[in-house]
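Trainee: Have a look at this one.
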Amino acid sequence: MLLTVDAGNTNIVFGLFKRKKLVSEWRYPTEDYRPPKIGKKIDSIVVASVVPSLNRQLKLVLKKKFGCQPFFVTAENIPGLIVSLKNKKEIGSDRVVDALAAYKLFGGPTIIIDFGTATTFDVVSAEGAYLGGVIAPGISLARDALYEQTEKLPKIEIEAPKRVIGNDTKSAMQSGLVYGYVAMVEGMVHRIKLQITNYKLQTNSNSKFQNSKQKIKVIATGGLAQLICKYTTVVDRIDDKLTLKGLRIIADYVEMG
């Protein structure tokens, strides 16, 4: 059995795989996580963490609980994905895991949008090269900032109002959060596609990778993907298990040595 761990700023998600099938999933707040109770032997553990302060403790807890050394994925050691950016340490492991998963599952060139604590856009070429991406505040983060940094704006539920033009504060804020992020997604996808079309990536070995004229796919994941993507046609597919699937794919590489 394989245990995958997606440690984010808001939540930690554990996924249990039997071969390629996700059989169980657990989600805990990051500040109050606990390893799940699993009655079967864990053969390997693969972790993507964007919380460096948690990594040492998480490594010790997982090894003690399940008796095997966890593999922590980074942009520097991820197998199966070309990452030729200069400072790989800056790239969140969840972003490259999502990029690998999208490429292996759906092909390239691909744009991956993750609606998490941050809203990120990541790009993979037709040849499987991670080209970089975009980071914006997440929707929940933007909502909380409006509430915490102003005196009159309330903390609201993130849902789509009936009209774009709000007739009260609540609906105006909801419109800005939902339709505003829809507009951002559409605008960013358009701009990224323009750049991808003629993008060339120079690697250390002087080999050149250039995206073909294949359709550029757009894959969305993350907690609010279903809500935002409901109001746009630029997203081809939603996969809320993308990170866990990517970790499972990485486990295959690690096991092969």
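All residue names refer to the structure tokens as shown: chains lettered A, B, ... in order, residues numbered from 1 in each chain, ligands numbered from 1 in order.
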Quick one: DSSP helix (DSSP H, G or I) residues in segment 63-195 of chain A, as a PyMOL selection string?
Mentor: chain A and resi 63-66+88-90+93-106+139-148+169-195
Trainee: Put those residues in a file: C-alpha atoms, as a PDB file, in the first residue's frame.
Mentor:
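Final output, out-v1.pdb:
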```pdb
ATOM      1  CA  LYS A  63       8.407   7.032   9.955  1.00  0.00           C
ATOM      2  CA  LYS A  64       7.478   6.132  13.535  1.00  0.00           C
ATOM      3  CA  LYS A  65       3.833   5.402  12.722  1.00  0.00           C
ATOM      4  CA  PHE A  66       4.272   3.409   9.505  1.00  0.00           C
ATOM      5  CA  LYS A  88      14.227  25.304  -8.093  1.00  0.00           C
ATOM      6  CA  LYS A  89      14.074  25.795  -4.329  1.00  0.00           C
ATOM      7  CA  GLU A  90      11.539  28.588  -4.848  1.00  0.00           C
ATOM      8  CA  SER A  93       6.427  20.908  -4.493  1.00  0.00           C
ATOM      9  CA  ASP A  94       2.653  20.803  -4.977  1.00  0.00           C
ATOM     10  CA  ARG A  95       3.025  22.822  -8.188  1.00  0.00           C
ATOM     11  CA  VAL A  96       5.523  20.466  -9.810  1.00  0.00           C
ATOM     12  CA  VAL A  97       3.575  17.414  -8.611  1.00  0.00           C
ATOM     13  CA  ASP A  98       0.421  18.810 -10.229  1.00  0.00           C
ATOM     14  CA  ALA A  99       2.400  19.596 -13.380  1.00  0.00           C
ATOM     15  CA  LEU A 100       3.739  16.041 -13.590  1.00  0.00           C
ATOM     16  CA  ALA A 101       0.312  14.536 -12.952  1.00  0.00           C
ATOM     17  CA  ALA A 102      -1.393  16.684 -15.584  1.00  0.00           C
ATOM     18  CA  TYR A 103       1.263  15.877 -18.167  1.00  0.00           C
ATOM     19  CA  LYS A 104       1.236  12.122 -17.505  1.00  0.00           C
ATOM     20  CA  LEU A 105      -2.560  11.898 -17.382  1.00  0.00           C
ATOM     21  CA  PHE A 106      -3.577  14.372 -20.086  1.00  0.00           C
ATOM     22  CA  ILE A 139     -10.100  33.177  -3.185  1.00  0.00           C
ATOM     23  CA  SER A 140     -10.515  32.421   0.513  1.00  0.00           C
ATOM     24  CA  LEU A 141      -7.424  34.489   1.270  1.00  0.00           C
ATOM     25  CA  ALA A 142      -8.865  37.438  -0.660  1.00  0.00           C
ATOM     26  CA  ARG A 143     -12.197  37.073   1.152  1.00  0.00           C
ATOM     27  CA  ASP A 144     -10.480  37.020   4.550  1.00  0.00           C
ATOM     28  CA  ALA A 145      -8.345  40.047   3.671  1.00  0.00           C
ATOM     29  CA  LEU A 146     -11.441  42.073   2.788  1.00  0.00           C
ATOM     30  CA  TYR A 147     -12.985  41.187   6.139  1.00  0.00           C
ATOM     31  CA  GLU A 148      -9.879  41.617   8.290  1.00  0.00           C
ATOM     32  CA  THR A 169     -22.533  44.601   0.105  1.00  0.00           C
ATOM     33  CA  LYS A 170     -22.734  40.831   0.392  1.00  0.00           C
ATOM     34  CA  SER A 171     -23.660  40.193  -3.236  1.00  0.00           C
ATOM     35  CA  ALA A 172     -21.133  42.785  -4.438  1.00  0.00           C
ATOM     36  CA  MET A 173     -18.359  41.012  -2.544  1.00  0.00           C
ATOM     37  CA  GLN A 174     -19.484  37.607  -3.794  1.00  0.00           C
ATOM     38  CA  SER A 175     -19.500  38.911  -7.355  1.00  0.00           C
ATOM     39  CA  GLY A 176     -15.987  40.254  -6.985  1.00  0.00           C
ATOM     40  CA  LEU A 177     -14.718  36.986  -5.552  1.00  0.00           C
ATOM     41  CA  VAL A 178     -16.455  34.561  -7.902  1.00  0.00           C
ATOM     42  CA  TYR A 179     -16.874  36.442 -11.184  1.00  0.00           C
ATOM     43  CA  GLY A 180     -13.709  38.409 -10.534  1.00  0.00           C
ATOM     44  CA  TYR A 181     -11.702  35.185 -10.284  1.00  0.00           C
ATOM     45  CA  VAL A 182     -13.493  33.772 -13.321  1.00  0.00           C
ATOM     46  CA  ALA A 183     -12.354  36.848 -15.264  1.00  0.00           C
ATOM     47  CA  MET A 184      -8.812  36.443 -13.949  1.00  0.00           C
ATOM     48  CA  VAL A 185      -8.753  32.778 -14.987  1.00  0.00           C
ATOM     49  CA  GLU A 186      -9.977  33.618 -18.484  1.00  0.00           C
ATOM     50  CA  GLY A 187      -7.534  36.496 -18.870  1.00  0.00           C
ATOM     51  CA  MET A 188      -4.527  34.564 -17.563  1.00  0.00           C
ATOM     52  CA  VAL A 189      -5.299  31.486 -19.663  1.00  0.00           C
ATOM     53  CA  HIS A 190      -5.526  33.691 -22.744  1.00  0.00           C
ATOM     54  CA  ARG A 191      -2.205  35.414 -21.997  1.00  0.00           C
ATOM     55  CA  ILE A 192      -0.437  32.156 -21.123  1.00  0.00           C
ATOM     56  CA  LYS A 193      -1.650  30.481 -24.310  1.00  0.00           C
ATOM     57  CA  LEU A 194      -0.280  33.353 -26.368  1.00  0.00           C
ATOM     58  CA  GLN A 195       3.138  32.885 -24.768  1.00  0.00           C
TER      59      GLN A 195
END
```
Trainee: I need the strand (DSSP E) residues of segment 16-242 of chain A per DSSP on the backbone, written as number ranges by chain.
Mentor: A: 16-18, 21-29, 44-49, 71-72, 82-83, 110-115, 118-124, 129-137, 200-202, 208-210, 217-222, 237-238
Trainee: Would you output that residue set with C-alpha atoms, as a compact mmCIF listing (two decimals), in the first residue's frame?
Mentor:
```txt
# COMPACT_ATOMS: atom_id res chain seq x y z
CA LEU A 16 -4.11 5.63 0.47
CA PHE A 17 -3.49 3.81 -2.81
CA LYS A 18 -3.72 0.15 -3.64
CA LYS A 21 -6.54 3.02 -7.12
CA LEU A 22 -7.19 5.64 -4.44
CA VAL A 23 -9.02 3.64 -1.76
CA SER A 24 -9.13 6.08 1.17
CA GLU A 25 -8.62 9.78 1.83
CA TRP A 26 -8.32 11.87 5.00
CA ARG A 27 -8.22 15.67 5.37
CA TYR A 28 -7.08 17.59 8.47
CA PRO A 29 -6.32 21.24 9.23
CA SER A 44 6.00 3.47 0.83
CA ILE A 45 5.16 7.10 1.58
CA VAL A 46 5.47 10.06 -0.80
CA VAL A 47 5.02 13.61 0.50
CA ALA A 48 4.54 17.01 -1.13
CA SER A 49 4.85 19.75 1.47
CA PHE A 71 10.14 10.50 0.22
CA PHE A 72 9.68 14.28 0.20
CA ILE A 82 12.07 18.49 -16.63
CA VAL A 83 12.46 21.52 -14.36
CA THR A 110 -0.92 21.92 -20.45
CA ILE A 111 -1.93 24.74 -18.09
CA ILE A 112 -2.74 23.64 -14.54
CA ILE A 113 -4.81 25.92 -12.30
CA ASP A 114 -4.86 25.12 -8.59
CA PHE A 115 -7.48 26.90 -6.48
CA ALA A 118 -2.99 30.64 -3.40
CA THR A 119 -4.40 30.43 -6.91
CA THR A 120 -1.59 29.17 -9.12
CA PHE A 121 -1.17 28.67 -12.85
CA ASP A 122 1.55 26.27 -13.98
CA VAL A 123 2.64 25.39 -17.49
CA VAL A 124 4.07 22.21 -19.01
CA ALA A 129 9.12 20.51 -19.45
CA TYR A 130 7.91 22.63 -16.54
CA LEU A 131 8.07 26.21 -17.84
CA GLY A 132 7.00 28.15 -14.73
CA GLY A 133 3.76 29.86 -13.88
CA VAL A 134 1.77 32.50 -12.03
CA ILE A 135 0.86 32.98 -8.35
CA ALA A 136 -2.11 35.03 -7.16
CA PRO A 137 -3.91 35.24 -3.80
CA LYS A 200 11.22 27.77 -26.52
CA LEU A 201 13.01 26.27 -23.54
CA GLN A 202 16.81 26.06 -23.52
CA LYS A 208 15.67 22.85 -27.42
CA PHE A 209 12.09 22.04 -26.57
CA GLN A 210 9.35 23.79 -28.48
CA LYS A 217 -5.23 21.75 -22.39
CA VAL A 218 -6.35 23.49 -19.21
CA ILE A 219 -6.71 21.35 -16.09
CA ALA A 220 -8.13 22.70 -12.81
CA THR A 221 -7.82 21.34 -9.30
CA GLY A 222 -8.29 22.55 -5.71
CA ARG A 237 -11.16 19.25 -17.12
CA ILE A 238 -11.44 19.38 -13.33
```
Trainee: Provide the atom CA of Thr243 of chain A to atom CA of Gly15 of chain A distance in Å, to one decimal place.
Mentor: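 Computing it gives 9.8 Å between the two atoms.
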Trainee: Any idea what's packed within 10 Å of Leu62 of chain A, counting only C-alpha atoms, ignoring anything in its chain fewer than 5 positions away? Could you give it as a list of chain:residue names?
Mentor: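 Returned residues: A:Leu3, A:Val5, A:Arg34, A:Pro35, A:Ile45, A:Gln57, A:Gly67, A:Cys68, A:Gln69, A:Pro70.
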Trainee: Using only C-alpha atoms, can you tell me which of A:Ile91, A:Leu81, A:Val13, A:Ala7 comes closest to Ser53 of chain A?
Mentor: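 Comparing A:Ile91, A:Leu81, A:Val13, A:Ala7 against Ser53 of chain A, the winner is A:Ala7.
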Trainee: Please compute the atom CA of Gly166 of chain A-atom CA of Lys152 of chain A distance, one decimal, in Å.
Mentor: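 According to the coordinates, atom CA of Gly166 of chain A and atom CA of Lys152 of chain A are separated by 16.2 Å.
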